[in-house]
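Structure first, then comments.
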Amino acid sequence: MTLDPKPFLTSLFAAAVAAADPERTIRAHLPAKPRGRTIVIGAGKGSAQMARALEKAWDGPLEGVVVTRYGYAAPCERVEVLEAAHPVPDEAGLKAARRLQDRVSGLGEDDLVIALISGGGSALLPAPAGALTLADEIAVNKALLASGAPISAMNTLRKHISAIKGGRLAAAGWPAKVVSLVVSDIPGDNPAFVASGPTVPDNASRRDALAIAEAYRLDLPAPVMAHLRSSEADAPKPDDPRFARNEVHVIASAAVSLEAAAGEAKRRGIEAVILSDAIEGEAREVGGVHAAVAREVALRDRPFRKPVVILSGGETTVTIRGKGKGGRNSEFLLAFALGIDGVQNIHALAADTDGIDGSEDNAGAFCDGTTVARLREGGHDARAYLANNDAWSAFHAIGDLFVPGPTGTNVNDFRAILVR
């Protein structure tokens with residue numbers, strides 16, 4: 001097979017991202033126009049692109065404000081775009097959260113709120129509840145990011161210390177109807193977990209939040225623990241009458257994007273299999289399991305016959321033990337590289353579909369059976385990099401980072417393994 005692996009894998013990533021493009025997905029989910037005003041609110045790494053797509057598709061009056069990560073803004077004519085910090089909140093995010101709350105206050109039952117929600121919205125909408133402060137919310141976020149907790153657990157805790165998450169933003173817009181258009185980055189696509197559900201309530205309780213803090217041994221500020229133990233932390237439930245008229249639509253997800261990538265592979269003459277769109281767990285452990293599957297295919301033609309592309313998605317986690325650079329996709333891939341060391345004809349790409357993996361400007365990286373050997377030849381120890389959570393430095397050293405830039409959407413991890 002003369003297929004060039006890196007361009008081929010990149011084309012699969014591009015197909016996955018294109019399937020989650022807001023301009024493709026929003027038009028099919030437009031709500032009916034209201035008799036009153038149409039207010040747009042939004043938060044997440046894809047919110048600006050979603051707002052721009054909505055402006056193109058909506059032919060009536062429109063106004064509002066969305067917040068996205070620094071560097072992720074897109075030009076809009078009628079919707080104001082704000083930027084704030086991710087993954088750790090900042091003062092700009094605090095001001096943005098207040099702006100969104102202001103935009104939905106004082107509305108009537110003839111008004112419509114269109115909420116554009118995508119992954120990353122939790123950090124971009126800090127709104128400390130009660131007597132809590134921004135410093136408290138930052139401390140919670142840092143503890144969660146280092147804990148290895150799955151995103152569903154993170155967002156259950158986050159919503160119970162917030163004045164805006166867990167459906168509270170939609171409740172503030174009542175009696176207006178709220179239609180939430182959600183780009184899911186959550187395994188299982190529960191919209192209440194995306195961005196901690198500012199417009200979508202769920203049944204999780206503050207007792208669940210306390211159990212998560214205990215299970216992951218989170219060192220949280222005393223005021224946070226006191227708040228979680230008080231009834232003030234209780235979030236509205238889905239059966240609250242303020243949500244009775246509301247609608248929620250998941251307009252893009254990992255499942256759809258993986259199907260698109262599989263279709264592109266087959267168009268190029270390579271069979272594709274999807275392991276799952278909802279894989280969770282420690283990134284390095286998931287990487288080891290994927291490596292075992294790839295080795296079995298390469299050496300024994302089972303459980304799939306080569307040539308084949310093995311696809312998977314979801315959201316892994318990283319328990320931070322070292323002080324290196326990187327994110328969950330590059331950490332997954334470094335563990336994967338160790339697992340396929342010396343095995344020929346295996347090539348892989350792991351990347352975050354929003355274009356940014358962790359702390360640096362790469363979406364992820366490429367690897368193959370020579371990755372560990374090439375590191376060794378340059379005087380680098382792949383296992384030492386992995387132990388220090390420094391996968392970015394490993395792939396940077398051999399020129400295998402994948403840097404597509406911000407994509408304008410976010411349906412979480414994308415993994416493609418080509419076995420030739």
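Here's how to read the names in the structure tokens: chain A, B, ... by the order shown, residue numbers from 1 in each chain, ligand numbers from 1 in the order shown.
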Neighbour list for stretch 38-45 of chain A as a PyMOL selection string, cut-off 6 Å, only C-alpha atoms, skip fewer than 5 positions in-chain: chain A and resi 62-69+112-121
Contacts of A:Asp390 at 8 Å (only C-alpha atoms; same-chain gap of 6+ positions) as a ChimeraX atom specification: /A:322-326,331
Any chance you could export the current selection's C-alpha atoms as a compact mmCIF listing (two decimals), in the first residue's frame?
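Result file follows (again.txt):
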```txt
# COMPACT_ATOMS: atom_id res chain seq x y z
CA GLY A 322 4.46 15.49 36.86
CA LYS A 323 5.13 19.02 35.68
CA GLY A 324 5.32 18.61 31.91
CA LYS A 325 3.35 20.02 29.00
CA GLY A 326 0.56 18.42 27.04
CA GLU A 331 -0.54 11.49 26.64
```
For A:Phe414: contacts at 7 Å, only C-alpha atoms, fewer than 4 positions along chain excluded, given as a ChimeraX atom specification: /A:312-313,350-353
Residues as selected, C-alpha atoms, written as a PDB file, in the first residue's frame, can you do that?
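File written: result-v5.pdb
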```pdb
ATOM      1  CA  SER A 312     -12.585   5.849  18.617  1.00  0.00           C
ATOM      2  CA  GLY A 313     -13.768   8.902  20.535  1.00  0.00           C
ATOM      3  CA  ALA A 350      -4.892  11.354  18.396  1.00  0.00           C
ATOM      4  CA  ALA A 351      -6.285  14.880  18.607  1.00  0.00           C
ATOM      5  CA  ASP A 352      -8.925  17.047  20.225  1.00  0.00           C
ATOM      6  CA  THR A 353     -11.553  18.117  17.711  1.00  0.00           C
TER       7      THR A 353
END
```
Backbone DSSP call of helix (DSSP H, G or I) for stretch 45-286 of chain A, listed as a PyMOL selection string: chain A and resi 47-57+91-104+121-124+134-145+151-159+168-173+194-196+206-215+222-228+231-233+241-243+254-267+283-286
Spatial neighbours of stretch 97-101 of chain A, 8 Å, only C-alpha atoms, chain gap at least 3 places, as a PDB file with N, CA and C atoms, in the first residue's frame:
```
ATOM      1  N   ILE A  41     -27.706  33.569  23.503  1.00  0.00           N
ATOM      2  CA  ILE A  41     -26.649  33.458  24.504  1.00  0.00           C
ATOM      3  C   ILE A  41     -25.836  32.221  24.160  1.00  0.00           C
ATOM      4  N   GLY A  42     -24.610  32.169  24.618  1.00  0.00           N
ATOM      5  CA  GLY A  42     -23.816  30.981  24.308  1.00  0.00           C
ATOM      6  C   GLY A  42     -22.518  30.952  25.074  1.00  0.00           C
ATOM      7  N   VAL A  65     -25.250  37.727  23.156  1.00  0.00           N
ATOM      8  CA  VAL A  65     -23.835  37.699  23.506  1.00  0.00           C
ATOM      9  C   VAL A  65     -23.423  36.255  23.788  1.00  0.00           C
ATOM     10  N   VAL A  66     -22.227  35.893  23.311  1.00  0.00           N
ATOM     11  CA  VAL A  66     -21.654  34.573  23.592  1.00  0.00           C
ATOM     12  C   VAL A  66     -20.228  34.766  24.084  1.00  0.00           C
ATOM     13  N   GLY A  93     -14.093  35.890  32.264  1.00  0.00           N
ATOM     14  CA  GLY A  93     -15.185  34.926  32.263  1.00  0.00           C
ATOM     15  C   GLY A  93     -16.268  35.292  33.265  1.00  0.00           C
ATOM     16  N   LEU A  94     -15.848  35.808  34.416  1.00  0.00           N
ATOM     17  CA  LEU A  94     -16.812  36.243  35.429  1.00  0.00           C
ATOM     18  C   LEU A  94     -17.696  37.362  34.883  1.00  0.00           C
ATOM     19  N   VAL A 104     -30.723  37.673  29.643  1.00  0.00           N
ATOM     20  CA  VAL A 104     -31.941  36.864  29.737  1.00  0.00           C
ATOM     21  C   VAL A 104     -32.895  37.365  30.820  1.00  0.00           C
ATOM     22  N   SER A 105     -32.492  38.378  31.554  1.00  0.00           N
ATOM     23  CA  SER A 105     -33.369  38.874  32.623  1.00  0.00           C
ATOM     24  C   SER A 105     -34.442  39.798  32.050  1.00  0.00           C
ATOM     25  N   LEU A 124     -15.565  28.853  31.018  1.00  0.00           N
ATOM     26  CA  LEU A 124     -15.809  30.178  30.451  1.00  0.00           C
ATOM     27  C   LEU A 124     -16.942  30.919  31.151  1.00  0.00           C
ATOM     28  N   LEU A 125     -17.702  30.219  32.015  1.00  0.00           N
ATOM     29  CA  LEU A 125     -18.821  30.846  32.726  1.00  0.00           C
ATOM     30  C   LEU A 125     -18.663  30.718  34.244  1.00  0.00           C
ATOM     31  N   PRO A 126     -17.596  31.254  34.802  1.00  0.00           N
ATOM     32  CA  PRO A 126     -17.511  31.225  36.267  1.00  0.00           C
ATOM     33  C   PRO A 126     -18.556  32.163  36.862  1.00  0.00           C
ATOM     34  N   ALA A 127     -19.300  31.664  37.827  1.00  0.00           N
ATOM     35  CA  ALA A 127     -20.322  32.467  38.497  1.00  0.00           C
ATOM     36  C   ALA A 127     -20.481  31.916  39.909  1.00  0.00           C
ATOM     37  N   ILE A 164     -24.948  29.902  37.734  1.00  0.00           N
ATOM     38  CA  ILE A 164     -25.367  29.956  36.334  1.00  0.00           C
ATOM     39  C   ILE A 164     -25.521  28.567  35.715  1.00  0.00           C
ATOM     40  N   LEU A 169     -29.223  29.296  34.267  1.00  0.00           N
ATOM     41  CA  LEU A 169     -29.296  30.369  33.272  1.00  0.00           C
ATOM     42  C   LEU A 169     -30.644  30.324  32.545  1.00  0.00           C
ATOM     43  N   ALA A 172     -33.314  31.683  34.788  1.00  0.00           N
ATOM     44  CA  ALA A 172     -33.282  33.144  34.865  1.00  0.00           C
ATOM     45  C   ALA A 172     -33.992  33.790  33.691  1.00  0.00           C
TER      46      ALA A 172
END
```
